[in-house]
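Participant: One structure follows; several queries about it will come next.
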Amino acid sequence: MEPMPQPSKIPVYDIQNANGKAPLLIGCDHAENRIPEGLSDLGLEPAHLESHIALDVGAKQVSMLLSEMFDAPLIMAGYSRLVVDLNRYPHDPSLILDVSDGISIPGNMNLDAASRQERIDAFFDPYHRKYAEMARDMMERHDAPLLLALHSFSPTYEGQQRPWHYGVMWDEYPKNVKEQLLEGLNGVGGLVIGDNKPYAGHSPQGYAHVEHGHKNSMRVALLEIRHDLISKPADQERSAELLYEVFKNIVPA
(Lines give C-alpha, C1' and ligand atoms only; values in the text may rest on other atoms or scores of the structure.)
Protein backbone atom coordinates (compact mmCIF):
# COMPACT_ATOMS: atom_id res chain seq x y z
CA MET A 1 0.00 0.00 0.00
CA GLU A 2 1.30 3.47 -0.90
CA PRO A 3 2.02 6.04 1.84
CA MET A 4 -1.03 7.99 2.89
CA PRO A 5 -1.15 11.20 0.78
CA GLN A 6 -1.50 14.22 3.03
CA PRO A 7 -2.97 17.59 2.04
CA SER A 8 -0.15 19.14 4.15
CA LYS A 9 -0.25 22.95 4.22
CA ILE A 10 -2.49 23.34 1.17
CA PRO A 11 -6.23 23.04 1.89
CA VAL A 12 -8.35 20.49 0.07
CA TYR A 13 -10.58 23.32 -1.16
CA ASP A 14 -10.34 27.05 -1.63
CA ILE A 15 -13.31 29.35 -1.07
CA GLN A 16 -13.72 32.77 -2.62
CA ASN A 17 -16.42 35.26 -1.65
CA ALA A 18 -17.95 32.95 0.95
CA ASN A 19 -20.54 35.56 1.92
CA GLY A 20 -21.42 36.58 -1.62
CA LYS A 21 -24.98 37.84 -1.92
CA ALA A 22 -25.91 36.58 -5.38
CA PRO A 23 -28.23 33.54 -5.69
CA LEU A 24 -25.41 31.79 -7.50
CA LEU A 25 -22.98 29.10 -6.33
CA ILE A 26 -19.98 28.44 -8.58
CA GLY A 27 -18.01 25.20 -8.41
CA CYS A 28 -14.67 24.51 -10.08
CA ASP A 29 -13.77 20.88 -9.39
CA HIS A 30 -10.62 20.81 -11.53
CA ALA A 31 -9.13 24.15 -10.57
CA GLU A 32 -5.62 23.09 -9.54
CA ASN A 33 -2.71 20.88 -10.61
CA ARG A 34 -1.13 20.36 -7.17
CA ILE A 35 -0.01 16.90 -6.13
CA PRO A 36 0.23 16.26 -2.36
CA GLU A 37 3.49 15.53 -0.61
CA GLY A 38 4.44 11.88 -0.67
CA LEU A 39 3.15 11.12 -4.16
CA SER A 40 6.27 12.38 -6.01
CA ASP A 41 4.23 14.19 -8.67
CA LEU A 42 2.70 10.79 -9.48
CA GLY A 43 5.80 10.10 -11.57
CA LEU A 44 4.84 12.74 -14.16
CA GLU A 45 6.92 15.34 -15.95
CA PRO A 46 6.29 19.04 -15.14
CA ALA A 47 4.78 19.57 -18.60
CA HIS A 48 2.16 16.93 -17.90
CA LEU A 49 1.14 18.68 -14.70
CA GLU A 50 0.61 21.94 -16.62
CA SER A 51 -1.65 20.24 -19.16
CA HIS A 52 -5.34 19.42 -19.31
CA ILE A 53 -4.82 15.96 -17.88
CA ALA A 54 -3.97 17.54 -14.50
CA LEU A 55 -6.43 20.46 -14.38
CA ASP A 56 -9.04 22.38 -16.35
CA VAL A 57 -6.82 25.03 -17.89
CA GLY A 58 -8.17 28.55 -17.29
CA ALA A 59 -11.30 27.41 -15.48
CA LYS A 60 -10.14 28.63 -12.06
CA GLN A 61 -9.40 32.13 -13.31
CA VAL A 62 -12.72 32.47 -15.16
CA SER A 63 -14.57 31.15 -12.10
CA MET A 64 -12.87 33.69 -9.86
CA LEU A 65 -13.71 36.54 -12.21
CA LEU A 66 -17.37 35.52 -12.35
CA SER A 67 -17.44 35.22 -8.57
CA GLU A 68 -16.28 38.82 -8.33
CA MET A 69 -18.62 40.10 -11.04
CA PHE A 70 -21.72 38.50 -9.53
CA ASP A 71 -20.72 38.69 -5.85
CA ALA A 72 -21.19 34.92 -5.74
CA PRO A 73 -19.59 32.27 -3.52
CA LEU A 74 -17.12 29.95 -5.24
CA ILE A 75 -15.60 26.62 -4.21
CA MET A 76 -12.45 25.38 -5.97
CA ALA A 77 -10.43 22.18 -5.72
CA GLY A 78 -7.07 22.45 -3.97
CA TYR A 79 -5.47 19.47 -5.70
CA SER A 80 -5.23 17.91 -9.14
CA ARG A 81 -7.91 15.73 -10.66
CA LEU A 82 -5.16 13.11 -11.04
CA VAL A 83 -5.07 12.61 -7.25
CA VAL A 84 -8.82 11.98 -7.22
CA ASP A 85 -11.42 13.35 -9.62
CA LEU A 86 -13.88 15.38 -7.56
CA ASN A 87 -16.47 15.25 -10.33
CA ARG A 88 -16.82 11.47 -10.40
CA TYR A 89 -18.70 9.14 -8.10
CA PRO A 90 -16.46 7.11 -5.77
CA HIS A 91 -17.43 3.86 -7.52
CA ASP A 92 -16.55 5.24 -10.98
CA PRO A 93 -13.44 3.59 -12.49
CA SER A 94 -12.32 7.02 -13.76
CA LEU A 95 -12.18 8.44 -10.22
CA ILE A 96 -8.41 7.79 -10.22
CA LEU A 97 -6.97 7.35 -13.70
CA ASP A 98 -3.82 5.40 -14.47
CA VAL A 99 -3.88 6.66 -18.09
CA SER A 100 -5.23 10.04 -19.26
CA ASP A 101 -5.35 11.07 -22.93
CA GLY A 102 -2.65 8.50 -23.69
CA ILE A 103 -0.37 9.57 -20.82
CA SER A 104 0.46 6.93 -18.22
CA ILE A 105 0.14 8.02 -14.57
CA PRO A 106 2.71 5.84 -12.76
CA GLY A 107 1.67 6.92 -9.28
CA ASN A 108 -1.90 5.78 -9.92
CA MET A 109 -1.12 2.33 -11.24
CA ASN A 110 -2.01 -0.78 -9.30
CA LEU A 111 -3.66 1.08 -6.42
CA ASP A 112 -5.23 -1.30 -3.95
CA ALA A 113 -8.67 -0.69 -2.45
CA ALA A 114 -7.26 0.73 0.78
CA SER A 115 -5.09 3.29 -1.02
CA ARG A 116 -8.03 4.34 -3.18
CA GLN A 117 -10.22 4.78 -0.12
CA GLU A 118 -7.54 6.83 1.64
CA ARG A 119 -7.57 9.34 -1.20
CA ILE A 120 -11.35 9.52 -1.04
CA ASP A 121 -11.22 10.11 2.72
CA ALA A 122 -8.45 12.71 2.53
CA PHE A 123 -9.47 14.73 -0.54
CA PHE A 124 -12.88 13.83 -1.98
CA ASP A 125 -15.02 13.72 1.16
CA PRO A 126 -13.83 16.99 2.79
CA TYR A 127 -14.30 18.90 -0.47
CA HIS A 128 -17.82 17.65 -0.97
CA ARG A 129 -18.81 18.14 2.66
CA LYS A 130 -17.97 21.82 2.25
CA TYR A 131 -19.68 21.98 -1.15
CA ALA A 132 -22.83 20.45 0.37
CA GLU A 133 -22.75 22.97 3.21
CA MET A 134 -22.54 25.85 0.72
CA ALA A 135 -25.38 24.42 -1.38
CA ARG A 136 -27.63 24.07 1.68
CA ASP A 137 -26.85 27.64 2.69
CA MET A 138 -27.70 28.83 -0.82
CA MET A 139 -31.07 27.06 -0.69
CA GLU A 140 -31.85 28.55 2.72
CA ARG A 141 -31.05 32.10 1.63
CA HIS A 142 -32.57 32.20 -1.87
CA ASP A 143 -35.75 31.09 -3.62
CA ALA A 144 -34.34 29.98 -6.98
CA PRO A 145 -30.55 29.77 -6.76
CA LEU A 146 -28.34 28.55 -9.57
CA LEU A 147 -25.38 26.20 -9.36
CA LEU A 148 -22.81 26.82 -12.09
CA ALA A 149 -20.34 23.95 -12.53
CA LEU A 150 -17.55 25.32 -14.70
CA HIS A 151 -14.97 23.25 -16.59
CA SER A 152 -12.68 23.53 -19.59
CA PHE A 153 -11.81 21.04 -22.32
CA SER A 154 -8.86 20.55 -24.65
CA PRO A 155 -8.99 21.63 -28.33
CA THR A 156 -8.00 18.10 -29.38
CA TYR A 157 -8.63 14.75 -27.74
CA GLU A 158 -7.33 11.40 -28.91
CA GLY A 159 -6.24 13.08 -32.13
CA GLN A 160 -9.65 14.59 -32.90
CA GLN A 161 -10.21 18.34 -33.29
CA ARG A 162 -13.02 19.83 -31.23
CA PRO A 163 -14.71 22.73 -33.04
CA TRP A 164 -16.86 23.97 -30.15
CA HIS A 165 -15.90 27.12 -28.29
CA TYR A 166 -18.32 26.52 -25.41
CA GLY A 167 -20.24 23.41 -24.49
CA VAL A 168 -23.55 23.30 -22.61
CA MET A 169 -23.94 19.98 -20.81
CA TRP A 170 -27.27 18.76 -19.54
CA ASP A 171 -29.04 15.62 -18.40
CA GLU A 172 -32.54 14.37 -17.66
CA TYR A 173 -32.84 16.13 -14.31
CA PRO A 174 -35.31 19.01 -13.97
CA LYS A 175 -34.32 22.61 -13.40
CA ASN A 176 -31.35 22.66 -15.73
CA VAL A 177 -31.09 25.96 -17.61
CA LYS A 178 -29.80 24.54 -20.88
CA GLU A 179 -32.32 26.35 -23.09
CA GLN A 180 -31.52 29.77 -21.63
CA LEU A 181 -27.80 29.10 -21.72
CA LEU A 182 -27.81 27.78 -25.28
CA GLU A 183 -29.92 30.71 -26.43
CA GLY A 184 -27.65 33.22 -24.71
CA LEU A 185 -24.41 31.77 -26.06
CA ASN A 186 -25.76 31.23 -29.58
CA GLY A 187 -26.87 34.84 -29.57
CA VAL A 188 -23.31 36.12 -29.12
CA GLY A 189 -22.30 35.41 -32.72
CA GLY A 190 -19.09 33.98 -34.09
CA LEU A 191 -19.13 31.05 -31.65
CA VAL A 192 -19.68 27.34 -32.17
CA ILE A 193 -21.72 26.12 -29.22
CA GLY A 194 -21.92 22.46 -28.30
CA ASP A 195 -25.30 21.08 -27.23
CA ASN A 196 -24.18 18.23 -24.94
CA LYS A 197 -20.81 18.37 -26.66
CA PRO A 198 -17.92 17.67 -26.25
CA TYR A 199 -19.51 15.57 -23.50
CA ALA A 200 -23.04 14.64 -22.57
CA GLY A 201 -24.23 15.77 -19.16
CA HIS A 202 -24.89 12.18 -18.14
CA SER A 203 -21.82 10.47 -19.61
CA PRO A 204 -19.56 10.29 -17.76
CA GLN A 205 -21.83 10.98 -14.84
CA GLY A 206 -20.67 14.10 -13.03
CA TYR A 207 -20.94 14.18 -9.26
CA ALA A 208 -21.09 17.80 -8.11
CA HIS A 209 -23.93 19.14 -10.23
CA VAL A 210 -26.10 16.13 -9.38
CA GLU A 211 -25.40 15.76 -5.66
CA HIS A 212 -25.22 19.46 -4.80
CA GLY A 213 -27.41 20.92 -7.50
CA HIS A 214 -30.16 18.65 -8.75
CA LYS A 215 -30.67 16.78 -5.47
CA ASN A 216 -31.11 20.12 -3.68
CA SER A 217 -33.63 21.22 -6.33
CA MET A 218 -31.29 23.99 -7.42
CA ARG A 219 -31.27 25.21 -10.97
CA VAL A 220 -28.14 23.89 -12.67
CA ALA A 221 -25.80 25.13 -15.41
CA LEU A 222 -23.00 22.79 -16.52
CA LEU A 223 -20.58 24.67 -18.76
CA GLU A 224 -17.40 23.69 -20.62
CA ILE A 225 -15.02 26.21 -22.26
CA ARG A 226 -12.39 25.20 -24.80
CA HIS A 227 -9.22 25.96 -22.95
CA ASP A 228 -7.29 27.67 -25.74
CA LEU A 229 -9.88 30.45 -25.36
CA ILE A 230 -8.99 31.01 -21.69
CA SER A 231 -5.32 30.13 -21.33
CA LYS A 232 -4.14 33.76 -21.00
CA PRO A 233 -5.29 36.47 -18.58
CA ALA A 234 -6.71 38.77 -21.28
CA ASP A 235 -8.67 35.87 -22.77
CA GLN A 236 -9.93 34.83 -19.34
CA GLU A 237 -11.25 38.34 -18.76
CA ARG A 238 -12.88 38.40 -22.19
CA SER A 239 -14.61 35.07 -21.59
CA ALA A 240 -15.75 36.09 -18.10
CA GLU A 241 -17.26 39.30 -19.48
CA LEU A 242 -19.08 37.34 -22.19
CA LEU A 243 -20.42 34.86 -19.65
CA TYR A 244 -21.43 37.61 -17.27
CA GLU A 245 -23.67 39.10 -19.96
CA VAL A 246 -25.19 35.70 -20.72
CA PHE A 247 -25.74 34.71 -17.09
CA LYS A 248 -27.23 38.09 -16.12
CA ASN A 249 -30.41 36.84 -17.79
CA ILE A 250 -30.31 33.51 -15.96
CA VAL A 251 -29.24 34.36 -12.41
CA PRO A 252 -32.28 35.74 -10.57
CA ALA A 253 -32.01 39.28 -9.29
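Letters A, B, ... go to the chains of the C-alpha coordinates in the order shown; residues in each chain start at 1; ligands are counted from 1 in the same order.
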Which residues are near Arg34 (chain A)? Cut-off 9 Å, only C-alpha atoms, ignore same chain within fewer than 6 positions. Put them as a JSON list (two decimals) with N, CA, C and O atoms, in the first residue's frame.
Facilitator:
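Listing of result.json after writing:
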```json
[["chain", "number", "residue", "atom", "x", "y", "z"],
["A", 10, "ILE", "N", -1.55, 22.85, 2.17],
["A", 10, "ILE", "CA", -2.49, 23.34, 1.17],
["A", 10, "ILE", "C", -3.86, 22.74, 1.46],
["A", 10, "ILE", "O", -4.01, 21.53, 1.57],
["A", 41, "ASP", "N", 4.82, 13.72, -7.41],
["A", 41, "ASP", "CA", 4.23, 14.19, -8.67],
["A", 41, "ASP", "C", 3.63, 13.05, -9.50],
["A", 41, "ASP", "O", 3.51, 13.16, -10.73],
["A", 49, "LEU", "N", 1.91, 18.07, -15.78],
["A", 49, "LEU", "CA", 1.14, 18.68, -14.70],
["A", 49, "LEU", "C", 0.61, 20.07, -15.06],
["A", 49, "LEU", "O", -0.25, 20.60, -14.36],
["A", 54, "ALA", "N", -4.13, 17.27, -15.93],
["A", 54, "ALA", "CA", -3.97, 17.54, -14.50],
["A", 54, "ALA", "C", -4.99, 18.54, -13.97],
["A", 54, "ALA", "O", -5.30, 18.50, -12.77],
["A", 55, "LEU", "N", -5.47, 19.44, -14.82],
["A", 55, "LEU", "CA", -6.43, 20.46, -14.38],
["A", 55, "LEU", "C", -7.22, 20.96, -15.57],
["A", 55, "LEU", "O", -6.87, 20.71, -16.73],
["A", 78, "GLY", "N", -8.43, 22.09, -4.35],
["A", 78, "GLY", "CA", -7.07, 22.45, -3.97],
["A", 78, "GLY", "C", -6.00, 21.58, -4.59],
["A", 78, "GLY", "O", -4.83, 21.92, -4.55],
["A", 79, "TYR", "N", -6.43, 20.42, -5.16],
["A", 79, "TYR", "CA", -5.47, 19.47, -5.70],
["A", 79, "TYR", "C", -5.92, 18.98, -7.07],
["A", 79, "TYR", "O", -7.08, 19.13, -7.46],
["A", 80, "SER", "N", -5.00, 18.35, -7.77],
["A", 80, "SER", "CA", -5.23, 17.91, -9.14],
["A", 80, "SER", "C", -6.29, 16.81, -9.23],
["A", 80, "SER", "O", -6.41, 15.96, -8.34],
["A", 81, "ARG", "N", -6.96, 16.80, -10.35],
["A", 81, "ARG", "CA", -7.91, 15.73, -10.66],
["A", 81, "ARG", "C", -7.23, 14.37, -10.75],
["A", 81, "ARG", "O", -7.89, 13.34, -10.70],
["A", 83, "VAL", "N", -5.10, 13.20, -8.61],
["A", 83, "VAL", "CA", -5.07, 12.61, -7.25],
["A", 83, "VAL", "C", -6.38, 11.87, -7.01],
["A", 83, "VAL", "O", -6.41, 10.70, -6.62]]
```
Participant: Give me, as a list in words, all polymer residues having an atom no more than 8 Å from region 235-246 of chain A, counting only C-alpha atoms and skipping those fewer than 5 positions away in the same chain.
Facilitator: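 Once the nearby chain positions are removed, what remains is Gly58, Gln61, Val62, Ser63, Leu65, Leu66, Met69, Phe70, Leu181, Gly184, Leu185, Leu229 and Ile230 of chain A.
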Participant: Hey, can you spit out that residue selection with N, CA, C and O atoms as a CSV table (one decimal), in the first residue's frame?
Facilitator:
```csv
chain,number,residue,atom,x,y,z
A,58,GLY,N,-7.4,27.3,-17.2
A,58,GLY,CA,-8.2,28.6,-17.3
A,58,GLY,C,-9.5,28.6,-16.5
A,58,GLY,O,-10.0,29.7,-16.3
A,61,GLN,N,-9.5,30.7,-13.1
A,61,GLN,CA,-9.4,32.1,-13.3
A,61,GLN,C,-10.7,32.7,-13.8
A,61,GLN,O,-11.2,33.7,-13.3
A,62,VAL,N,-11.4,32.0,-14.7
A,62,VAL,CA,-12.7,32.5,-15.2
A,62,VAL,C,-13.7,32.4,-14.0
A,62,VAL,O,-14.6,33.3,-13.8
A,63,SER,N,-13.7,31.3,-13.2
A,63,SER,CA,-14.6,31.1,-12.1
A,63,SER,C,-14.4,32.3,-11.1
A,63,SER,O,-15.4,32.8,-10.6
A,65,LEU,N,-13.2,35.3,-11.6
A,65,LEU,CA,-13.7,36.5,-12.2
A,65,LEU,C,-15.2,36.6,-12.1
A,65,LEU,O,-15.8,37.7,-11.8
A,66,LEU,N,-15.9,35.5,-12.4
A,66,LEU,CA,-17.4,35.5,-12.4
A,66,LEU,C,-17.8,35.7,-10.9
A,66,LEU,O,-18.9,36.3,-10.6
A,69,MET,N,-17.6,39.3,-10.3
A,69,MET,CA,-18.6,40.1,-11.0
A,69,MET,C,-20.0,40.0,-10.5
A,69,MET,O,-20.8,40.9,-10.4
A,70,PHE,N,-20.4,38.8,-10.0
A,70,PHE,CA,-21.7,38.5,-9.5
A,70,PHE,C,-21.8,38.6,-8.0
A,70,PHE,O,-23.0,38.6,-7.5
A,181,LEU,N,-29.2,29.0,-21.5
A,181,LEU,CA,-27.8,29.1,-21.7
A,181,LEU,C,-27.4,28.9,-23.2
A,181,LEU,O,-26.6,29.7,-23.7
A,184,GLY,N,-28.5,32.1,-25.0
A,184,GLY,CA,-27.7,33.2,-24.7
A,184,GLY,C,-26.3,33.1,-25.4
A,184,GLY,O,-25.8,34.1,-26.0
A,185,LEU,N,-25.7,31.9,-25.4
A,185,LEU,CA,-24.4,31.8,-26.1
A,185,LEU,C,-24.5,31.8,-27.6
A,185,LEU,O,-23.7,32.4,-28.3
A,229,LEU,N,-9.2,29.2,-25.4
A,229,LEU,CA,-9.9,30.4,-25.4
A,229,LEU,C,-9.6,31.2,-24.0
A,229,LEU,O,-10.0,32.3,-23.9
A,230,ILE,N,-9.1,30.4,-23.0
A,230,ILE,CA,-9.0,31.0,-21.7
A,230,ILE,C,-7.6,30.7,-21.1
A,230,ILE,O,-7.5,30.6,-19.8
```
Participant: Let's see if you can do this: from backbone DSSP, list all alpha helix (DSSP H) residues in region 106-187 of chain A, as a PyMOL selection string.
Facilitator: chain A and resi 113-119+125-141+178-186
Participant: Could you save those same residues with N, CA and C atoms as a short mmCIF file (atom, residue, chain, number, x, y, z; two decimals), in the first residue's frame?
Facilitator:
```cif
data_model
loop_
_atom_site.label_atom_id
_atom_site.label_comp_id
_atom_site.auth_asym_id
_atom_site.auth_seq_id
_atom_site.Cartn_x
_atom_site.Cartn_y
_atom_site.Cartn_z
N ALA A 113 -7.42 -1.29 -2.92
CA ALA A 113 -8.67 -0.69 -2.45
C ALA A 113 -8.44 0.24 -1.28
N ALA A 114 -7.52 -0.10 -0.39
CA ALA A 114 -7.26 0.73 0.78
C ALA A 114 -6.64 2.07 0.38
N SER A 115 -5.72 2.05 -0.57
CA SER A 115 -5.09 3.29 -1.02
C SER A 115 -6.11 4.19 -1.72
N ARG A 116 -6.97 3.59 -2.51
CA ARG A 116 -8.03 4.34 -3.18
C ARG A 116 -8.94 5.00 -2.15
N GLN A 117 -9.33 4.24 -1.14
CA GLN A 117 -10.22 4.78 -0.12
C GLN A 117 -9.55 5.88 0.68
N GLU A 118 -8.25 5.78 0.92
CA GLU A 118 -7.54 6.83 1.64
C GLU A 118 -7.58 8.15 0.89
N ARG A 119 -7.48 8.09 -0.42
CA ARG A 119 -7.57 9.34 -1.20
C ARG A 119 -8.98 9.92 -1.14
N ASP A 125 -13.95 13.50 0.17
CA ASP A 125 -15.02 13.72 1.16
C ASP A 125 -14.98 15.12 1.79
N PRO A 126 -13.82 15.64 2.21
CA PRO A 126 -13.83 16.99 2.79
C PRO A 126 -14.29 18.07 1.81
N TYR A 127 -13.88 17.93 0.56
CA TYR A 127 -14.30 18.90 -0.47
C TYR A 127 -15.82 18.89 -0.62
N HIS A 128 -16.39 17.72 -0.71
CA HIS A 128 -17.82 17.65 -0.97
C HIS A 128 -18.65 17.91 0.29
N ARG A 129 -18.10 17.70 1.45
CA ARG A 129 -18.81 18.14 2.66
C ARG A 129 -18.96 19.66 2.66
N LYS A 130 -17.90 20.36 2.31
CA LYS A 130 -17.97 21.82 2.25
C LYS A 130 -18.89 22.29 1.13
N TYR A 131 -18.81 21.65 -0.02
CA TYR A 131 -19.68 21.98 -1.15
C TYR A 131 -21.14 21.82 -0.74
N ALA A 132 -21.46 20.71 -0.07
CA ALA A 132 -22.83 20.45 0.37
C ALA A 132 -23.30 21.51 1.36
N GLU A 133 -22.42 21.92 2.24
CA GLU A 133 -22.75 22.97 3.21
C GLU A 133 -23.08 24.28 2.48
N MET A 134 -22.29 24.61 1.47
CA MET A 134 -22.54 25.85 0.72
C MET A 134 -23.83 25.76 -0.08
N ALA A 135 -24.13 24.59 -0.63
CA ALA A 135 -25.38 24.42 -1.38
C ALA A 135 -26.59 24.55 -0.46
N ARG A 136 -26.52 23.95 0.74
CA ARG A 136 -27.63 24.07 1.68
C ARG A 136 -27.84 25.53 2.09
N ASP A 137 -26.75 26.23 2.33
CA ASP A 137 -26.85 27.64 2.69
C ASP A 137 -27.49 28.45 1.57
N MET A 138 -27.12 28.14 0.33
CA MET A 138 -27.70 28.83 -0.82
C MET A 138 -29.21 28.60 -0.89
N MET A 139 -29.64 27.37 -0.64
CA MET A 139 -31.07 27.06 -0.69
C MET A 139 -31.83 27.75 0.45
N GLU A 140 -31.19 27.90 1.59
CA GLU A 140 -31.85 28.55 2.72
C GLU A 140 -32.00 30.05 2.50
N ARG A 141 -31.05 30.65 1.77
CA ARG A 141 -31.05 32.10 1.63
C ARG A 141 -31.77 32.61 0.39
N LYS A 178 -30.47 24.72 -19.59
CA LYS A 178 -29.80 24.54 -20.88
C LYS A 178 -30.39 25.44 -21.96
N GLU A 179 -31.72 25.56 -22.01
CA GLU A 179 -32.32 26.35 -23.09
C GLU A 179 -31.90 27.81 -23.00
N GLN A 180 -31.93 28.38 -21.81
CA GLN A 180 -31.52 29.77 -21.63
C GLN A 180 -30.04 29.95 -21.94
N LEU A 181 -29.23 28.99 -21.51
CA LEU A 181 -27.80 29.10 -21.72
C LEU A 181 -27.44 28.93 -23.19
N LEU A 182 -28.05 27.97 -23.85
CA LEU A 182 -27.81 27.78 -25.28
C LEU A 182 -28.26 29.01 -26.08
N GLU A 183 -29.41 29.52 -25.74
CA GLU A 183 -29.92 30.71 -26.43
C GLU A 183 -28.98 31.90 -26.23
N GLY A 184 -28.53 32.09 -24.99
CA GLY A 184 -27.65 33.22 -24.71
C GLY A 184 -26.32 33.11 -25.42
N LEU A 185 -25.71 31.94 -25.41
CA LEU A 185 -24.41 31.77 -26.06
C LEU A 185 -24.53 31.81 -27.58
N ASN A 186 -25.56 31.19 -28.13
CA ASN A 186 -25.76 31.23 -29.58
C ASN A 186 -26.06 32.63 -30.08
#
```
Participant: Pick out the closest residue to Ile225 (chain A) from this set: A:Val210, A:Ala149, A:Leu24, A:Met64. Count only C-alpha atoms.
Facilitator: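 Of A:Val210, A:Ala149, A:Leu24, A:Met64, the one nearest Ile225 (chain A) is A:Ala149, counting only C-alpha atoms.
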Participant: Quote the spacing between CA of His227 (chain A) and CA of Tyr157 (chain A) in Å to one decimal place.
Facilitator: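 CA of Tyr157 (chain A) lies 12.2 Å from CA of His227 (chain A).
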Participant: Residues of region 60-102 of chain A classed as strand (DSSP E or B) by DSSP on the backbone are to be reported as a count of residues only.
Facilitator: 6
Participant: If I take CA of Asp29 (chain A) and CA of Gly187 (chain A), how far is one from the other in Å, to one decimal?
Facilitator: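 We find that CA of Asp29 (chain A) and CA of Gly187 (chain A) lie 27.8 Å from each other.
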Participant: Measuring atom to atom with only C-alpha atoms, identify which of A:Leu150, A:Leu74, A:Leu223, A:Ile105 is nearest to Glu45 (chain A).
Facilitator: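 The closest residue to Glu45 (chain A) is A:Ile105.
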Participant: What's the 7 Å shell around Arg219 (chain A), counting only C-alpha atoms, without same-chain residues fewer than 6 positions away, as a list in words?
Facilitator: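 The residues satisfying every condition are Ala144, Pro145, Leu146, Leu147, Lys175, Asn176, Val177 and Gly213 of chain A.
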Participant: Counting only C-alpha atoms, what is within 9 Å of Tyr199 (chain A), bar same-chain residues fewer than 3 positions away, as JSON, numbers by chain?
Facilitator: {"A": [167, 168, 169, 194, 195, 196, 202, 203, 204, 224]}
